[in-house]
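Peer 1: One structure coming up, written as structure tokens, with questions to follow.
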Amino acid sequence: MRDALVVLAVLAALAAGLWAWRRWHPGSFWLALRYPAAAVSVRASWRRVALGCGLTKKRQRFWFTTVPGLVASTGVVRVRRRFQRIAVDTKPFMWLPMPTRHGWRVTLHTLEGQTPGDYADAAEALAHSWGVHAIRASSPRPGRVVLMATVYDPLVKVEHLPASADLLTVTVGRLEDGRPWTIDFRVVPHWLNAGATQSGKSNLANALIVGLAPQPVALVGFDLKGGVEFTPYASRLSALATSRAESVTLLEDLVCLMIDRMGLCRQAGARNIWQLPPGIRPIPIVVLVDELAELYLMADKSEKDEIAKTSTALLRVAQLGRAFGIYLFCCGQRIGSDLGPGVTALRAQCSGRICHRVNDPETATMTLGDLDPAALVSARAIPAETPGVAIVAGQDGQWYRARSFYVTEQTAEHAARAHAHLTPSWDEITSHLPDTVNA
Ligand SMILES: Nc1ncnc2c1ncn2[C@@H]1O[C@H](COP(=O)(O)OP(=O)(O)OP(=O)(O)O)[C@@H](O)[C@H]1O
């Protein structure tokens, strides 16, 4: 009896120790215990899983058996001999699974006739077979496919990361593979940020404001919600338009500024403002647009001219702005082709795409549809309980699930106020433009 109690006490202490290890140091727990078990199980189950997910191919093989009839279950018995030539299901060769922060990754050799798309199509079935949260397939080179497994959803809780020190770069959240989600305007200059109401669009804009506020950049806001979103950050904004009429004027200013910067670069023999000597290099401008659709919605024909002007000016900024240090971040609930050809043309210029949870399939298609159908499926599956989760494409041509850090309006307001002294005034930025602009 005493011995049994001792054994029970030891087992309870062991369980508590394991629980505490997992709770307080999940990284080492994963590496020491769970990963080796997962690697062995993945390797051991690969034949069955590949067969079940349709990733095997029939090949003729010589097969030796002491009981000839038995091999009939794996293929067609051609010759009833111990050494037979039969058709067997061949699985793709699998390397050893390697540990990652949130799971494991393994390289496979594709079989003849297979493409990475076949593995992407089977990803959901693979995830269920191995009991992991998700599997993503990518192809680093022809003939190889890398399966990346995330054992649990790393986006359930996203902790803050240190701010990026690079100009025009902001770490806004985390990608599903555990890497920081970074928006770098110098790599991807223009972004579309779509999502239904309460999906986390403004939270992402807040994260951008917090990240950009301490940097030597000018921020310009277009808040077509009548100014309710961006007015609290006005101290760090060089200009703010809160209606379509104001937007027309501000966009015309931006186009004139861009043309002026073109002249400056031409004179100096530079292709973009970053090739100019620092002394004469104009300040980069990040343009934040909230409720993009409002710029295009037409109530009656009298608005046609105004819409045509805004649409053309915004498109010109998107087409030419990159070289002249003008970057766009456009947010909207609906970005559909029904808003007119201006929106479709703008989308083509925005290589950065962020799609939060959306209500209508068309917005997801407009935002991601030209990238990868699998991204579209993933975007449509974002649950309402996880605001801030989005499908992101841009930086490296791939798409990822990601989640922004939770950044409250108060935090963004505080950042805007704390760095208000870095705000260049719009008059200062446009001072050397022709009088028609300054008038
Ligand atoms: N990354 C996040 N992590 C946790 N909670 C979040 C995150 N992003 C947003 N939320 C929560 O979701 C709520 C809605 O977010 P947000 O206001 O950014 O949505 P929205 O898409 O801008 O909505 P609307 O279009 O109505 O303004 C926020 O109040 C916040 O509580």
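Going through the structure tokens in order, the chains are called A, B, and so on, while each chain numbers its residues from 1 and the ligands are numbered from 1 in the order shown.
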As a list in words, list the residues of range 259-415 of chain A assigned to strand (DSSP E or B) by DSSP on the backbone atoms of this structure.

Peer 2: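 Of range 259-415 of chain A, only Ile285, Val286, Val287, Leu288, Val289, Asp290, Ile326, Tyr327, Leu328, Phe329, Cys330, Cys331, Gly332, Gly352, Arg353, Ile354, Cys355, Val389, Ala390, Ile391, Val392, Ala393, Trp399, Tyr400, Arg401, Ala402, Arg403 and Ser404 of chain A fall in strand (DSSP E or B).
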
Peer 1: Quick one: write out the picked residues with C-alpha atoms as a JSON list (two decimals), in the first residue's frame?

Peer 2:
```
[["chain", "number", "residue", "atom", "x", "y", "z"],
["A", 285, "ILE", "CA", 5.19, 60.36, -47.36],
["A", 286, "VAL", "CA", 2.93, 57.50, -46.24],
["A", 287, "VAL", "CA", -0.69, 58.03, -47.32],
["A", 288, "LEU", "CA", -3.27, 56.23, -45.16],
["A", 289, "VAL", "CA", -6.74, 55.88, -46.70],
["A", 290, "ASP", "CA", -9.69, 54.65, -44.64],
["A", 326, "ILE", "CA", 4.95, 58.46, -51.79],
["A", 327, "TYR", "CA", 3.45, 55.23, -50.43],
["A", 328, "LEU", "CA", -0.17, 54.11, -50.11],
["A", 329, "PHE", "CA", -1.98, 52.07, -47.49],
["A", 330, "CYS", "CA", -5.66, 51.78, -48.47],
["A", 331, "CYS", "CA", -8.24, 50.23, -46.13],
["A", 332, "GLY", "CA", -11.78, 49.29, -47.06],
["A", 352, "GLY", "CA", 0.81, 44.39, -50.99],
["A", 353, "ARG", "CA", -2.47, 42.66, -50.12],
["A", 354, "ILE", "CA", -4.02, 42.11, -46.71],
["A", 355, "CYS", "CA", -7.37, 40.39, -46.50],
["A", 389, "VAL", "CA", -6.15, 37.58, -38.41],
["A", 390, "ALA", "CA", -5.58, 38.16, -42.11],
["A", 391, "ILE", "CA", -4.14, 36.61, -45.23],
["A", 392, "VAL", "CA", -1.09, 38.61, -46.24],
["A", 393, "ALA", "CA", 0.72, 38.67, -49.54],
["A", 399, "TRP", "CA", 0.95, 34.36, -48.92],
["A", 400, "TYR", "CA", 0.67, 33.76, -45.18],
["A", 401, "ARG", "CA", -1.90, 33.73, -42.40],
["A", 402, "ALA", "CA", -0.91, 36.44, -39.98],
["A", 403, "ARG", "CA", -2.28, 38.36, -37.02],
["A", 404, "SER", "CA", -1.60, 41.96, -36.07]]
```

Peer 1: Let me have all residues with an atom within 7 Å of ligand 1, counting only C-alpha atoms and all ligand atoms, laid out as a PDB file with N, CA and C atoms, in the first residue's frame.

Peer 2:
```
ATOM      1  N   GLY A 195     -11.352  44.185 -45.318  1.00  0.00           N
ATOM      2  CA  GLY A 195     -11.938  43.397 -44.230  1.00  0.00           C
ATOM      3  C   GLY A 195     -13.300  43.922 -43.863  1.00  0.00           C
ATOM      4  N   ALA A 196     -14.144  43.001 -43.384  1.00  0.00           N
ATOM      5  CA  ALA A 196     -15.490  43.393 -42.942  1.00  0.00           C
ATOM      6  C   ALA A 196     -15.370  44.250 -41.691  1.00  0.00           C
ATOM      7  N   THR A 197     -16.492  44.803 -41.272  1.00  0.00           N
ATOM      8  CA  THR A 197     -16.467  45.595 -40.047  1.00  0.00           C
ATOM      9  C   THR A 197     -16.093  44.692 -38.867  1.00  0.00           C
ATOM     10  N   GLN A 198     -15.291  45.232 -37.967  1.00  0.00           N
ATOM     11  CA  GLN A 198     -14.786  44.518 -36.776  1.00  0.00           C
ATOM     12  C   GLN A 198     -13.805  43.380 -37.110  1.00  0.00           C
ATOM     13  N   SER A 199     -13.185  43.455 -38.277  1.00  0.00           N
ATOM     14  CA  SER A 199     -12.247  42.384 -38.639  1.00  0.00           C
ATOM     15  C   SER A 199     -10.815  42.717 -38.236  1.00  0.00           C
ATOM     16  N   GLY A 200     -10.553  43.996 -37.908  1.00  0.00           N
ATOM     17  CA  GLY A 200      -9.211  44.355 -37.443  1.00  0.00           C
ATOM     18  C   GLY A 200      -8.449  45.303 -38.365  1.00  0.00           C
ATOM     19  N   LYS A 201      -9.144  45.942 -39.304  1.00  0.00           N
ATOM     20  CA  LYS A 201      -8.452  46.864 -40.234  1.00  0.00           C
ATOM     21  C   LYS A 201      -7.869  48.059 -39.497  1.00  0.00           C
ATOM     22  N   SER A 202      -8.709  48.681 -38.641  1.00  0.00           N
ATOM     23  CA  SER A 202      -8.250  49.894 -37.943  1.00  0.00           C
ATOM     24  C   SER A 202      -7.126  49.550 -36.985  1.00  0.00           C
ATOM     25  N   ASN A 203      -7.212  48.362 -36.367  1.00  0.00           N
ATOM     26  CA  ASN A 203      -6.156  47.929 -35.458  1.00  0.00           C
ATOM     27  C   ASN A 203      -4.811  47.905 -36.197  1.00  0.00           C
ATOM     28  N   LEU A 204      -4.852  47.432 -37.439  1.00  0.00           N
ATOM     29  CA  LEU A 204      -3.620  47.367 -38.235  1.00  0.00           C
ATOM     30  C   LEU A 204      -3.133  48.779 -38.581  1.00  0.00           C
ATOM     31  N   GLN A 333     -13.845  48.199 -46.463  1.00  0.00           N
ATOM     32  CA  GLN A 333     -14.673  47.021 -46.148  1.00  0.00           C
ATOM     33  C   GLN A 333     -14.989  46.246 -47.406  1.00  0.00           C
ATOM     34  N   THR A 386     -11.519  35.731 -34.186  1.00  0.00           N
ATOM     35  CA  THR A 386     -10.105  36.110 -34.169  1.00  0.00           C
ATOM     36  C   THR A 386      -9.881  37.391 -34.988  1.00  0.00           C
ATOM     37  N   PRO A 387     -10.358  38.547 -34.481  1.00  0.00           N
ATOM     38  CA  PRO A 387     -10.107  39.785 -35.228  1.00  0.00           C
ATOM     39  C   PRO A 387      -8.609  40.030 -35.311  1.00  0.00           C
ATOM     40  N   GLY A 388      -8.182  40.623 -36.411  1.00  0.00           N
ATOM     41  CA  GLY A 388      -6.748  40.892 -36.588  1.00  0.00           C
ATOM     42  C   GLY A 388      -6.067  39.809 -37.403  1.00  0.00           C
ATOM     43  N   VAL A 389      -6.734  38.623 -37.563  1.00  0.00           N
ATOM     44  CA  VAL A 389      -6.145  37.577 -38.406  1.00  0.00           C
ATOM     45  C   VAL A 389      -6.423  37.936 -39.862  1.00  0.00           C
ATOM     46  N   ARG A 403      -1.397  37.605 -37.916  1.00  0.00           N
ATOM     47  CA  ARG A 403      -2.277  38.365 -37.023  1.00  0.00           C
ATOM     48  C   ARG A 403      -1.528  39.593 -36.526  1.00  0.00           C
ATOM     49  N   SER A 404      -2.233  40.715 -36.547  1.00  0.00           N
ATOM     50  CA  SER A 404      -1.603  41.958 -36.075  1.00  0.00           C
ATOM     51  C   SER A 404      -1.577  41.964 -34.549  1.00  0.00           C
ATOM     52  N   PHE A 405      -0.641  42.740 -33.980  1.00  0.00           N
ATOM     53  CA  PHE A 405      -0.645  42.944 -32.530  1.00  0.00           C
ATOM     54  C   PHE A 405      -1.894  43.746 -32.188  1.00  0.00           C
ATOM     55  N   TYR A 406      -2.360  43.574 -30.980  1.00  0.00           N
ATOM     56  CA  TYR A 406      -3.500  44.375 -30.545  1.00  0.00           C
ATOM     57  C   TYR A 406      -2.981  45.765 -30.153  1.00  0.00           C
TER      58      TYR A 406
END
```

Peer 1: Would you pick out the contacts of Trp46 in chain A at 9 Å or less, using only C-alpha atoms, so that residues sharing its chain but fewer than 5 positions from it are not included, and give the list as a compact mmCIF listing (two decimals) with N, CA and C atoms, in the first residue's frame?

Peer 2:
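Generated output (around14.txt):
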```txt
# COMPACT_ATOMS: atom_id res chain seq x y z
N SER A 41 6.63 9.57 -35.64
CA SER A 41 5.29 9.20 -36.08
C SER A 41 5.05 9.62 -37.54
N LEU A 51 -0.67 7.40 -49.20
CA LEU A 51 -1.65 6.58 -49.93
C LEU A 51 -3.05 7.17 -49.76
N LYS A 91 5.66 5.82 -52.45
CA LYS A 91 5.44 7.13 -51.79
C LYS A 91 6.58 8.06 -52.16
N PRO A 92 6.37 9.37 -52.14
CA PRO A 92 7.47 10.31 -52.39
C PRO A 92 8.51 10.16 -51.28
N MET A 94 10.86 10.96 -48.39
CA MET A 94 10.74 11.99 -47.34
C MET A 94 12.05 12.08 -46.55
```

Peer 1: Which is closer to Leu254 in chain A than all the others in A:Pro232, A:Pro277, A:Gly173, A:Gly221, using only C-alpha atoms?

Peer 2: A:Gly221

Peer 1: Excluding Arg34 in chain A and any residue of its chain fewer than 2 positions from it, enumerate the residues within 12 Å of it, using only C-alpha atoms, and give them as a count of residues only.

Peer 2: 21

Peer 1: For the interface of range 105-200 of chain A with range 361-369 of chain A (cut-off 9 Å, counting only C-alpha atoms), please tabulate each contacting residue of range 105-200 of chain A alongside its nearest pair of atoms and their separation in Å to one decimal, rows sorted by chain and increasing number, as a tab-separated table.

Peer 2:
```
residue	atom	partner	partner_atom	distance
A:Leu192	CA	A:Thr367	CA	7.2
A:Asn193	CA	A:Thr367	CA	8.1
A:Ala194	CA	A:Thr367	CA	7.0
A:Gly195	CA	A:Thr363	CA	8.1
```

Peer 1: A:His133, A:Pro284, A:His432, A:Thr242: which is nearest Leu167 in chain A, counting only C-alpha atoms?

Peer 2: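 Among A:His133, A:Pro284, A:His432, A:Thr242, it is A:Pro284 that comes nearest to Leu167 in chain A.
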
Peer 1: Out of range 222-288 of chain A, which residues get helix (DSSP H, G or I) from DSSP, as a PyMOL selection string?

Peer 2: chain A and resi 231-236+244-268+273-275
